[in-house]
>>> print(open('input24.cif').read())   # mmCIF, C-alpha atoms
data_work
loop_
_atom_site.label_atom_id
_atom_site.label_comp_id
_atom_site.auth_asym_id
_atom_site.auth_seq_id
_atom_site.Cartn_x
_atom_site.Cartn_y
_atom_site.Cartn_z
CA MET A 1 137.40 -188.44 -0.15
CA ARG A 2 133.64 -188.83 -0.15
CA LEU A 3 131.94 -185.93 1.60
CA LEU A 4 128.33 -185.44 2.64
CA VAL A 5 127.26 -181.87 3.41
CA LEU A 6 123.93 -181.36 5.13
CA GLY A 7 122.86 -178.10 3.54
CA GLY A 8 125.64 -177.01 1.22
CA THR A 9 123.84 -174.29 -0.72
CA GLU A 10 124.47 -171.17 1.41
CA PHE A 11 127.41 -169.40 3.06
CA VAL A 12 129.46 -171.83 5.18
CA GLY A 13 127.98 -175.00 3.68
CA ARG A 14 128.45 -173.76 0.15
CA ALA A 15 132.01 -172.63 0.84
CA VAL A 16 132.77 -176.13 2.13
CA VAL A 17 131.24 -177.71 -0.97
CA GLU A 18 133.15 -175.46 -3.35
CA ALA A 19 136.42 -176.09 -1.53
CA ALA A 20 135.83 -179.87 -1.57
CA LEU A 21 135.08 -179.84 -5.28
CA GLY A 22 138.28 -177.86 -5.79
CA ARG A 23 140.15 -180.71 -4.11
CA GLY A 24 138.59 -183.23 -6.45
CA TRP A 25 136.42 -184.80 -3.75
CA GLU A 26 133.17 -186.64 -4.41
CA VAL A 27 130.50 -184.44 -2.82
CA THR A 28 126.89 -185.20 -1.91
CA VAL A 29 124.58 -182.52 -0.50
CA LEU A 30 121.23 -182.91 1.22
CA HIS A 31 119.17 -179.74 0.92
CA ARG A 32 115.58 -178.51 0.81
CA GLY A 33 115.72 -177.25 -2.76
CA ARG A 34 115.43 -173.54 -1.95
CA HIS A 35 118.83 -172.77 -3.49
CA ALA A 36 120.72 -174.60 -6.21
CA PRO A 37 123.92 -176.33 -5.07
CA PRO A 38 127.17 -175.78 -6.98
CA PRO A 39 127.56 -177.78 -10.20
CA GLY A 40 129.37 -181.05 -9.83
CA VAL A 41 127.68 -182.36 -6.67
CA ARG A 42 125.25 -185.20 -6.17
CA ALA A 43 122.14 -183.42 -4.90
CA LEU A 44 119.59 -185.09 -2.62
CA HIS A 45 116.44 -183.42 -1.35
CA GLY A 46 115.06 -183.55 2.14
CA ASP A 47 113.66 -181.30 4.86
CA ARG A 48 115.21 -182.25 8.21
CA THR A 49 112.23 -180.84 10.09
CA ALA A 50 109.82 -183.25 8.35
CA PRO A 51 109.15 -186.83 9.56
CA ASP A 52 110.59 -188.32 6.36
CA GLY A 53 113.18 -185.60 5.80
CA LEU A 54 116.19 -187.92 5.91
CA ASP A 55 114.82 -190.67 3.66
CA ALA A 56 117.19 -189.68 0.86
CA LEU A 57 120.11 -190.70 3.12
CA SER A 58 118.89 -194.25 3.68
CA GLU A 59 121.77 -195.55 1.56
CA GLY A 60 125.35 -194.50 0.95
CA THR A 61 128.66 -194.23 2.81
CA TRP A 62 130.94 -191.24 3.30
CA ASP A 63 134.35 -190.50 4.76
CA ALA A 64 133.06 -187.38 6.47
CA VAL A 65 129.87 -185.43 7.10
CA VAL A 66 129.73 -181.65 7.52
CA ASP A 67 126.67 -180.24 9.28
CA THR A 68 125.99 -176.51 9.82
CA TRP A 69 122.54 -176.79 11.46
CA SER A 70 121.68 -174.04 13.97
CA ALA A 71 118.09 -174.72 15.04
CA ALA A 72 116.52 -177.61 17.00
CA PRO A 73 119.28 -180.01 18.17
CA ARG A 74 117.07 -183.04 17.56
CA ALA A 75 117.54 -182.54 13.81
CA VAL A 76 121.27 -183.12 14.28
CA ARG A 77 120.52 -186.03 16.61
CA ASP A 78 118.43 -187.78 13.96
CA ALA A 79 121.00 -187.26 11.20
CA ALA A 80 123.92 -188.35 13.35
CA ARG A 81 122.14 -191.51 14.50
CA LEU A 82 121.23 -192.39 10.95
CA LEU A 83 124.78 -191.92 9.67
CA ARG A 84 126.92 -193.23 12.54
CA GLY A 85 127.52 -196.59 10.90
CA ARG A 86 128.03 -195.18 7.40
CA ALA A 87 130.28 -192.14 7.88
CA GLY A 88 133.81 -191.97 9.18
CA ARG A 89 133.68 -188.62 10.95
CA TYR A 90 131.00 -186.05 11.80
CA VAL A 91 132.13 -182.44 11.51
CA TYR A 92 129.68 -180.09 13.20
CA VAL A 93 129.93 -176.34 12.72
CA SER A 94 129.20 -175.10 16.20
CA SER A 95 129.91 -171.69 17.72
CA CYS A 96 131.92 -169.98 20.44
CA SER A 97 128.49 -169.05 21.78
CA VAL A 98 128.37 -172.47 23.50
CA TYR A 99 130.62 -171.15 26.29
CA ALA A 100 128.92 -169.98 29.49
CA TRP A 101 128.48 -166.21 29.44
CA ALA A 102 130.66 -164.32 29.69
CA PRO A 103 133.90 -166.13 28.87
CA PRO A 104 136.99 -164.07 29.73
CA ALA A 105 139.44 -163.01 27.06
CA GLY A 106 141.79 -165.85 26.26
CA TYR A 107 139.25 -168.61 26.86
CA THR A 108 140.17 -172.04 25.51
CA GLU A 109 138.13 -175.07 24.50
CA ASP A 110 138.13 -176.11 28.18
CA ALA A 111 136.09 -173.08 29.30
CA PRO A 112 132.74 -173.79 31.02
CA LEU A 113 129.85 -174.47 28.64
CA VAL A 114 126.28 -173.21 28.64
CA GLU A 115 123.95 -175.25 30.82
CA GLY A 116 120.53 -176.67 30.01
CA ALA A 117 121.30 -177.98 26.52
CA SER A 118 119.93 -181.30 25.28
CA ALA A 119 120.38 -183.37 22.15
CA ASP A 120 116.64 -184.12 22.19
CA ALA A 121 115.48 -180.52 22.45
CA GLY A 122 113.46 -178.43 20.08
CA GLN A 123 114.64 -174.97 19.14
CA SER A 124 115.33 -172.65 22.08
CA ASP A 125 118.16 -170.12 21.97
CA TYR A 126 121.24 -170.08 19.76
CA ALA A 127 123.78 -171.08 22.42
CA ARG A 128 121.77 -174.04 23.73
CA ASP A 129 120.79 -175.11 20.23
CA LYS A 130 124.44 -175.30 19.21
CA ARG A 131 125.51 -177.04 22.39
CA GLY A 132 122.61 -179.49 22.15
CA ALA A 133 123.71 -180.35 18.62
CA GLU A 134 127.27 -180.94 19.86
CA LEU A 135 125.88 -183.39 22.41
CA ALA A 136 123.92 -185.15 19.68
CA VAL A 137 127.06 -185.64 17.58
CA LEU A 138 129.06 -186.88 20.54
CA ASP A 139 126.33 -189.35 21.47
CA ALA A 140 126.19 -190.87 17.99
CA PHE A 141 129.84 -190.73 16.87
CA GLY A 142 131.73 -190.67 20.15
CA ALA A 143 134.53 -188.32 21.07
CA ASP A 144 137.02 -189.97 18.71
CA ARG A 145 134.96 -189.46 15.53
CA SER A 146 133.35 -186.11 16.33
CA LEU A 147 134.81 -182.74 15.34
CA LEU A 148 133.17 -179.72 16.97
CA VAL A 149 134.12 -176.57 15.09
CA ARG A 150 133.39 -173.65 17.41
CA ALA A 151 133.47 -170.82 14.94
CA GLY A 152 133.60 -167.16 15.82
CA LEU A 153 132.60 -164.26 13.58
CA ILE A 154 132.52 -165.52 9.98
CA LEU A 155 133.00 -163.08 7.10
CA GLY A 156 133.73 -163.31 3.39
CA PRO A 157 132.00 -163.98 0.07
CA LEU A 158 128.59 -165.69 0.30
CA GLU A 159 127.81 -164.04 3.66
CA ASN A 160 124.07 -164.17 4.32
CA VAL A 161 124.01 -162.43 7.70
CA GLY A 162 124.82 -158.98 6.32
CA ARG A 163 127.65 -157.68 8.48
CA LEU A 164 130.47 -157.07 6.01
CA PRO A 165 128.02 -156.38 3.14
CA TRP A 166 126.47 -153.60 5.21
CA TRP A 167 129.80 -151.91 5.81
CA LEU A 168 130.76 -152.22 2.16
CA ASN A 169 127.49 -150.72 0.94
CA ARG A 170 127.75 -147.96 3.51
CA MET A 171 131.25 -147.04 2.34
CA ALA A 172 130.10 -147.13 -1.27
CA ARG A 173 127.54 -144.41 -0.49
CA GLY A 174 130.41 -142.18 0.56
CA GLY A 175 130.30 -139.08 2.76
CA PRO A 176 130.94 -138.93 6.50
CA VAL A 177 130.79 -142.41 8.07
CA LEU A 178 130.41 -143.07 11.78
CA ALA A 179 133.47 -145.21 12.51
CA PRO A 180 133.26 -146.66 16.02
CA GLY A 181 136.56 -146.43 17.83
CA PRO A 182 139.13 -146.88 18.89
CA ARG A 183 140.74 -147.21 15.52
CA ASP A 184 143.22 -149.78 16.83
CA LEU A 185 140.53 -151.96 18.42
CA PRO A 186 141.65 -155.58 17.81
CA LEU A 187 139.29 -157.81 15.84
CA GLN A 188 139.00 -161.57 15.55
CA TYR A 189 137.08 -163.26 12.73
CA ILE A 190 137.46 -166.04 10.18
CA ASP A 191 137.17 -165.84 6.41
CA VAL A 192 134.63 -168.48 5.39
CA ARG A 193 137.09 -169.95 2.88
CA ASP A 194 139.77 -170.37 5.55
CA LEU A 195 137.18 -172.03 7.75
CA ALA A 196 136.24 -174.40 4.94
CA ASP A 197 139.86 -175.26 4.13
CA TRP A 198 140.65 -176.11 7.73
CA MET A 199 137.51 -178.22 8.12
CA LEU A 200 138.31 -180.26 5.03
CA GLY A 201 141.86 -180.86 6.20
CA ALA A 202 140.66 -182.01 9.62
CA PRO A 203 139.19 -185.39 8.54
CA GLU A 204 142.35 -186.11 6.58
CA ARG A 205 144.33 -185.55 9.79
CA GLU A 206 141.74 -187.52 11.78
CA LEU A 207 141.20 -184.62 14.16
CA SER A 208 138.51 -184.85 16.80
CA GLY A 209 137.16 -182.86 19.71
CA PRO A 210 136.35 -179.14 20.04
CA TYR A 211 138.31 -176.37 18.31
CA ASN A 212 137.88 -172.63 18.56
CA LEU A 213 137.96 -171.75 14.88
CA VAL A 214 138.62 -168.06 14.26
CA SER A 215 141.66 -165.93 13.55
CA PRO A 216 144.11 -165.04 16.31
CA PRO A 217 142.93 -162.04 18.39
CA GLY A 218 144.02 -158.85 16.69
CA HIS A 219 144.29 -160.42 13.23
CA THR A 220 143.20 -156.97 12.14
CA THR A 221 141.75 -153.88 13.79
CA MET A 222 138.58 -151.87 13.37
CA GLY A 223 140.68 -149.39 11.43
CA GLY A 224 142.14 -152.10 9.23
CA LEU A 225 138.70 -153.44 8.38
CA LEU A 226 136.92 -150.14 7.72
CA GLU A 227 139.83 -148.57 5.86
CA ALA A 228 139.96 -151.61 3.58
CA CYS A 229 136.21 -151.25 2.99
CA ALA A 230 136.57 -147.56 2.20
CA ALA A 231 139.45 -148.14 -0.20
CA VAL A 232 137.94 -151.02 -2.15
CA THR A 233 134.63 -149.21 -2.68
CA GLY A 234 136.19 -146.13 -4.24
CA GLY A 235 137.63 -144.09 -1.38
CA THR A 236 134.85 -141.48 -1.20
CA ALA A 237 133.88 -142.39 2.36
CA GLU A 238 135.18 -140.12 5.12
CA LEU A 239 135.74 -142.15 8.28
CA ARG A 240 134.80 -140.17 11.40
CA TRP A 241 136.41 -142.08 14.25
CA THR A 242 134.17 -141.73 17.27
CA ALA A 243 134.87 -142.65 20.88
CA PRO A 244 133.05 -145.73 22.21
CA GLU A 245 131.34 -143.76 24.97
CA THR A 246 129.97 -141.32 22.39
CA VAL A 247 128.59 -144.16 20.28
CA LEU A 248 126.95 -145.81 23.27
CA ALA A 249 125.55 -142.52 24.59
CA ALA A 250 123.75 -142.11 21.26
CA GLY A 251 121.86 -145.35 22.00
CA ILE A 252 123.56 -147.22 19.16
CA GLU A 253 123.71 -150.98 19.64
CA PRO A 254 127.13 -152.64 19.26
CA TRP A 255 127.35 -155.65 16.95
CA GLY A 256 123.81 -155.22 15.60
CA GLN A 257 123.59 -151.60 14.45
CA LEU A 258 127.35 -151.32 13.99
CA PRO A 259 128.23 -154.79 12.73
CA VAL A 260 131.47 -156.40 13.98
CA TRP A 261 132.13 -153.60 16.51
CA THR A 262 132.13 -154.34 20.24
CA PRO A 263 133.18 -151.79 22.88
CA PRO A 264 136.70 -152.34 24.24
CA GLY A 265 136.83 -153.76 27.74
CA SER A 266 133.28 -155.09 27.60
CA ASP A 267 132.14 -158.67 28.17
CA LEU A 268 130.91 -158.58 24.58
CA HIS A 269 134.36 -157.76 23.23
CA ASP A 270 136.12 -160.38 25.34
CA ALA A 271 133.61 -163.06 24.30
CA LEU A 272 133.49 -162.24 20.59
CA GLN A 273 137.05 -161.07 20.01
CA GLY A 274 139.11 -162.92 22.60
CA ALA A 275 139.09 -166.67 21.96
CA ASP A 276 142.32 -168.61 22.28
CA VAL A 277 142.91 -170.38 18.97
CA SER A 278 146.31 -171.91 19.60
CA ARG A 279 144.88 -175.42 19.20
CA ALA A 280 143.57 -174.67 15.70
CA LEU A 281 146.76 -172.85 14.68
CA ALA A 282 148.80 -175.87 15.74
CA THR A 283 146.74 -178.03 13.37
CA GLY A 284 147.22 -175.91 10.28
CA LEU A 285 144.76 -172.99 10.45
CA VAL A 286 145.86 -170.23 8.07
CA CYS A 287 144.06 -166.88 7.92
CA ARG A 288 144.28 -164.63 4.87
CA PRO A 289 144.78 -160.83 5.16
CA VAL A 290 141.75 -158.65 5.84
CA GLY A 291 142.26 -156.85 2.53
CA ASP A 292 141.69 -160.07 0.61
CA THR A 293 138.48 -160.85 2.51
CA VAL A 294 137.13 -157.35 1.95
CA ALA A 295 138.07 -157.14 -1.74
CA ASP A 296 136.66 -160.56 -2.59
CA THR A 297 133.43 -159.89 -0.69
CA TRP A 298 133.01 -156.59 -2.53
CA ALA A 299 133.56 -158.28 -5.90
CA TRP A 300 130.97 -160.93 -5.00
CA LEU A 301 128.52 -158.29 -3.75
CA ARG A 302 128.88 -156.17 -6.90
CA ALA A 303 128.23 -159.24 -9.03
CA LEU A 304 124.90 -159.57 -7.19
CA GLY A 305 123.98 -155.95 -7.82
CA GLY A 306 124.87 -154.88 -4.28
CA THR A 307 122.20 -156.87 -2.45
CA ALA A 308 123.45 -159.86 -0.49
CA PRO A 309 121.22 -162.83 0.36
CA ARG A 310 119.81 -162.72 3.88
CA ARG A 311 118.92 -165.49 6.29
CA PRO A 312 115.28 -165.06 7.34
CA ASP A 313 116.04 -166.30 10.87
CA ARG A 314 118.55 -163.54 11.60
CA PRO A 315 117.65 -159.95 12.55
CA PRO A 316 118.64 -157.14 10.18
CA VAL A 317 121.95 -155.43 10.88
CA GLY A 318 123.21 -151.92 10.26
CA LEU A 319 122.62 -148.32 11.22
CA ASP A 320 119.96 -146.25 9.48
CA PRO A 321 121.15 -142.96 7.91
CA GLN A 322 119.10 -140.77 10.25
CA THR A 323 120.58 -142.26 13.42
CA GLU A 324 124.07 -142.09 11.95
CA ALA A 325 123.67 -138.44 10.99
CA LYS A 326 122.32 -137.56 14.44
CA ALA A 327 125.25 -139.28 16.14
CA LEU A 328 127.77 -137.53 13.90
CA ALA A 329 126.15 -134.17 14.57
CA ALA A 330 126.17 -134.77 18.32
CA ASP A 331 129.87 -135.49 18.15
CA GLY A 332 130.49 -132.04 16.71
CA PRO A 333 131.78 -130.74 13.35
CA GLY A 334 134.40 -133.08 12.02
CA GLY A 335 133.66 -135.37 15.05
CA GLY A 336 135.73 -138.30 16.04
CA VAL A 337 138.73 -139.19 18.09
CA SER A 338 141.24 -139.83 15.32
CA ASP A 339 142.07 -138.70 11.83
CA THR A 340 139.20 -138.87 9.33
CA THR A 341 140.99 -140.18 6.28
CA PRO A 342 140.97 -143.85 5.28
#
>>> encode(input="input24.cif", output="C-alpha cells")
Amino acid sequence: MRLLVLGGTEFVGRAVVEAALGRGWEVTVLHRGRHAPPPGVRALHGDRTAPDGLDALSEGTWDAVVDTWSAAPRAVRDAARLLRGRAGRYVYVSSCSVYAWAPPAGYTEDAPLVEGASADAGQSDYARDKRGAELAVLDAFGADRSLLVRAGLILGPLENVGRLPWWLNRMARGGPVLAPGPRDLPLQYIDVRDLADWMLGAPERELSGPYNLVSPPGHTTMGGLLEACAAVTGGTAELRWTAPETVLAAGIEPWGQLPVWTPPGSDLHDALQGADVSRALATGLVCRPVGDTVADTWAWLRALGGTAPRRPDRPPVGLDPQTEAKALAADGPGGGVSDTTP
C-alpha cells in the first residue's frame, strides 16, 4: 500500500506513520519541517496555509491519504481537490465534536450534526472546523471514497495535548491526590495506536462513511485509569476520592483542570463518554487494556525526561498544587468518598 500522510510528525499522524511502516507500507509525509518524521518515510515539505503550500504534491499517486487537520477547513478542501484523481481513498481524522450539542448518551453516526460549517471557511471553532473539513472531503472524493473518523478522547504515547501526561506526572509527585469521583465512573477513550491500526485497516477493507472511533463506553473507569497511573509511577500517590459535587463546589473545571474527568449525569459526560461505537467494533476495532496505555505512555514520558510535547493551539491542562490542596482541605482530613489506596 502507498500511503500519504498530511502531517505525520506528531501524535495521531506519527502513530499512523509508524504503524504503516510496521506493515511494510510505502509512506510519504507532507509536513512543515518543524518536527522530523520517522525514519523510512519519503518526506515532502509544505505549509498548507501558504499559497504554494501543496506544490510538493503536484505529482504522485497513493492508495490512501490520511489527514488530521483541525484548523481552517479550506486547507482540507484544497488538498482533497488536488488529490482526488490521484488517491484511492481520503481518510480524515474528524471528531465526535461534530455532533450538535449536546448529543445524548448512546448517540450514533446518524445523530444531528453541528450547523453553520463550510468547506470554504477559515478557522472558526473546533466543531465547525472539523465538520467543514468533512464536507470538503465528501465534496472532492464522494461518499464512497471518503472515510470520516470521528475520534473521541485520544490517549497514549506521543500525546501532545497533556491529559494523560499530567496525571502521570501528578502521581509521580506522590502524596494526597484529588481523585474526582465516583471511582466507578465509566470512561471512553481510544489508544492512539489502536486508532492508527483501525484506520490503516479501513482502506484495505474499502470502508467509507462516518465512524465513531473510540472504545466502548466503560472500557475502563476513573478508578481504573488513576489507579493504573499511581501504580506505574511508583505507588506513592494517595488517591483521595472526592464526590463530584465537592469538586465542582471548589470551582474546579472538569476536563480542563482535571483532565479526562466529566461529572456523571452531565451533558459533558454523555457527549464525551457516551458514543455508540458498534459500527467500528463490527469492522475490527480492538482496544487494548488501560494498563497497557498507561504503562507505555509513562515509559515514553520518562524517556523524554518527564516533559511531553505540547500543541501551541491547545490550552494548558491540569490542576495547580495550591488549588488541589485547598480542595482537599475543604473536603476534610482524609477527604473523599471512597477508600484512599490505589
>>> atom_distance(input="input24.cif", atom1="atom CA of Pro321 of chain A", atom2="atom CA of Met171 of chain A")
12.2 Å
>>> closest_residue(input="input24.cif", among="A:Leu285, A:Ala43, A:Ala295, A:Ala56", to="Asp197 of chain A", atoms="only C-alpha atoms")
A:Leu285
>>> atom_distance(input="input24.cif", atom1="atom CA of Asn169 of chain A", atom2="atom CA of Cys229 of chain A")
9.0 Å
>>> resolve_selection(input="input24.cif", expression="the PyMOL selection byres ((chain A and resi 320) around 12)", output="list in words")
Trp166, Trp167, Arg170, Val177, Leu178, Ile252, Glu253, Gly256, Gln257, Leu258, Pro316, Val317, Gly318, Leu319, Pro321, Gln322, Thr323, Glu324, Ala325, Lys326 and Ala327 of chain A
>>> write_last_selection(input="input24.cif", atoms="C-alpha atoms", output="PDB file, in the frame of the given file")
ATOM      1  CA  TRP A 166     126.470-153.600   5.210  1.00  0.00           C
ATOM      2  CA  TRP A 167     129.800-151.910   5.810  1.00  0.00           C
ATOM      3  CA  ARG A 170     127.750-147.960   3.510  1.00  0.00           C
ATOM      4  CA  VAL A 177     130.790-142.410   8.070  1.00  0.00           C
ATOM      5  CA  LEU A 178     130.410-143.070  11.780  1.00  0.00           C
ATOM      6  CA  ILE A 252     123.560-147.220  19.160  1.00  0.00           C
ATOM      7  CA  GLU A 253     123.710-150.980  19.640  1.00  0.00           C
ATOM      8  CA  GLY A 256     123.810-155.220  15.600  1.00  0.00           C
ATOM      9  CA  GLN A 257     123.590-151.600  14.450  1.00  0.00           C
ATOM     10  CA  LEU A 258     127.350-151.320  13.990  1.00  0.00           C
ATOM     11  CA  PRO A 316     118.640-157.140  10.180  1.00  0.00           C
ATOM     12  CA  VAL A 317     121.950-155.430  10.880  1.00  0.00           C
ATOM     13  CA  GLY A 318     123.210-151.920  10.260  1.00  0.00           C
ATOM     14  CA  LEU A 319     122.620-148.320  11.220  1.00  0.00           C
ATOM     15  CA  PRO A 321     121.150-142.960   7.910  1.00  0.00           C
ATOM     16  CA  GLN A 322     119.100-140.770  10.250  1.00  0.00           C
ATOM     17  CA  THR A 323     120.580-142.260  13.420  1.00  0.00           C
ATOM     18  CA  GLU A 324     124.070-142.090  11.950  1.00  0.00           C
ATOM     19  CA  ALA A 325     123.670-138.440  10.990  1.00  0.00           C
ATOM     20  CA  LYS A 326     122.320-137.560  14.440  1.00  0.00           C
ATOM     21  CA  ALA A 327     125.250-139.280  16.140  1.00  0.00           C
TER      22      ALA A 327
END
>>> resolve_selection(input="input24.cif", expression="the PyMOL selection byres ((chain A and resi 191-195) around 8)", output="PyMOL selection string")
chain A and resi 11-12+15-16+19+154-157+189-190+196-199+213-214+285-288+293
>>> resolve_selection(input="input24.cif", expression="the PyMOL selection byres ((chain A and resi 200) around 12)", output="number ranges by chain")
A: 1-5, 13, 15-25, 27, 63-66, 89-92, 147, 149, 193-199, 201-207, 284-285
>>> atom_distance(input="input24.cif", atom1="atom CA of Glu238 of chain A", atom2="atom CA of Arg163 of chain A")
19.4 Å
>>> closest_residue(input="input24.cif", among="A:Pro104, A:Ala127, A:Val161, A:Ala329", to="Gln273 of chain A", atoms="all atoms listed in the file")
A:Pro104
>>> residues_around(input="input24.cif", residues="Gly274 of chain A", least_positions_apart="4", cutoff="9 Å", atoms="all atoms listed in the file", output="ChimeraX atom specification")
/A:103-107,187-188,216-218,269-270
>>> write_last_selection(input="input24.cif", atoms="C-alpha atoms", output="PDB file, in the frame of the given file")
ATOM      1  CA  PRO A 103     133.900-166.130  28.870  1.00  0.00           C
ATOM      2  CA  PRO A 104     136.990-164.070  29.730  1.00  0.00           C
ATOM      3  CA  ALA A 105     139.440-163.010  27.060  1.00  0.00           C
ATOM      4  CA  GLY A 106     141.790-165.850  26.260  1.00  0.00           C
ATOM      5  CA  TYR A 107     139.250-168.610  26.860  1.00  0.00           C
ATOM      6  CA  LEU A 187     139.290-157.810  15.840  1.00  0.00           C
ATOM      7  CA  GLN A 188     139.000-161.570  15.550  1.00  0.00           C
ATOM      8  CA  PRO A 216     144.110-165.040  16.310  1.00  0.00           C
ATOM      9  CA  PRO A 217     142.930-162.040  18.390  1.00  0.00           C
ATOM     10  CA  GLY A 218     144.020-158.850  16.690  1.00  0.00           C
ATOM     11  CA  HIS A 269     134.360-157.760  23.230  1.00  0.00           C
ATOM     12  CA  ASP A 270     136.120-160.380  25.340  1.00  0.00           C
TER      13      ASP A 270
END
>>> residues_around(input="input24.cif", residues="segment 67-80 of chain A", least_positions_apart="4", cutoff="10 Å", atoms="all atoms listed in the file", output="ChimeraX atom specification")
/A:4-8,11-13,47-50,53-54,57,84-87,90-95,117-141,149,313
>>> closest_residue(input="input24.cif", among="A:Pro264, A:Pro186, A:Gly224, A:Pro210", to="Asp110 of chain A", atoms="all atoms listed in the file")
A:Pro210
>>> decode(input="input24.cif", residues="segment 65-76 of chain A", atoms="N, CA and C atoms", output="compact mmCIF listing (two decimals), in the first residue's frame")
# COMPACT_ATOMS: atom_id res chain seq x y z
N VAL A 65 -4.95 8.46 1.59
CA VAL A 65 -4.45 9.67 2.23
C VAL A 65 -5.02 9.73 3.64
N VAL A 66 -4.20 10.07 4.61
CA VAL A 66 -4.67 10.31 5.98
C VAL A 66 -4.39 11.77 6.32
N ASP A 67 -5.41 12.46 6.78
CA ASP A 67 -5.33 13.89 7.06
C ASP A 67 -5.88 14.13 8.47
N THR A 68 -5.09 14.81 9.32
CA THR A 68 -5.51 15.07 10.71
C THR A 68 -5.80 16.54 10.97
N TRP A 69 -5.89 17.35 9.94
CA TRP A 69 -6.01 18.81 10.07
C TRP A 69 -7.19 19.22 10.96
N SER A 70 -6.96 20.24 11.80
CA SER A 70 -8.03 20.68 12.72
C SER A 70 -8.15 22.20 12.79
N ALA A 71 -7.77 22.88 11.71
CA ALA A 71 -7.95 24.34 11.67
C ALA A 71 -8.88 24.68 10.51
N ALA A 72 -8.54 25.68 9.70
CA ALA A 72 -9.43 26.15 8.64
C ALA A 72 -9.78 25.03 7.66
N PRO A 73 -11.07 24.75 7.46
CA PRO A 73 -11.48 23.67 6.54
C PRO A 73 -10.97 23.85 5.12
N ARG A 74 -10.75 25.07 4.69
CA ARG A 74 -10.33 25.27 3.30
C ARG A 74 -8.98 24.64 3.01
N ALA A 75 -8.17 24.40 4.04
CA ALA A 75 -6.90 23.71 3.83
C ALA A 75 -7.14 22.26 3.43
N VAL A 76 -8.14 21.63 4.03
CA VAL A 76 -8.52 20.27 3.65
C VAL A 76 -9.16 20.29 2.27
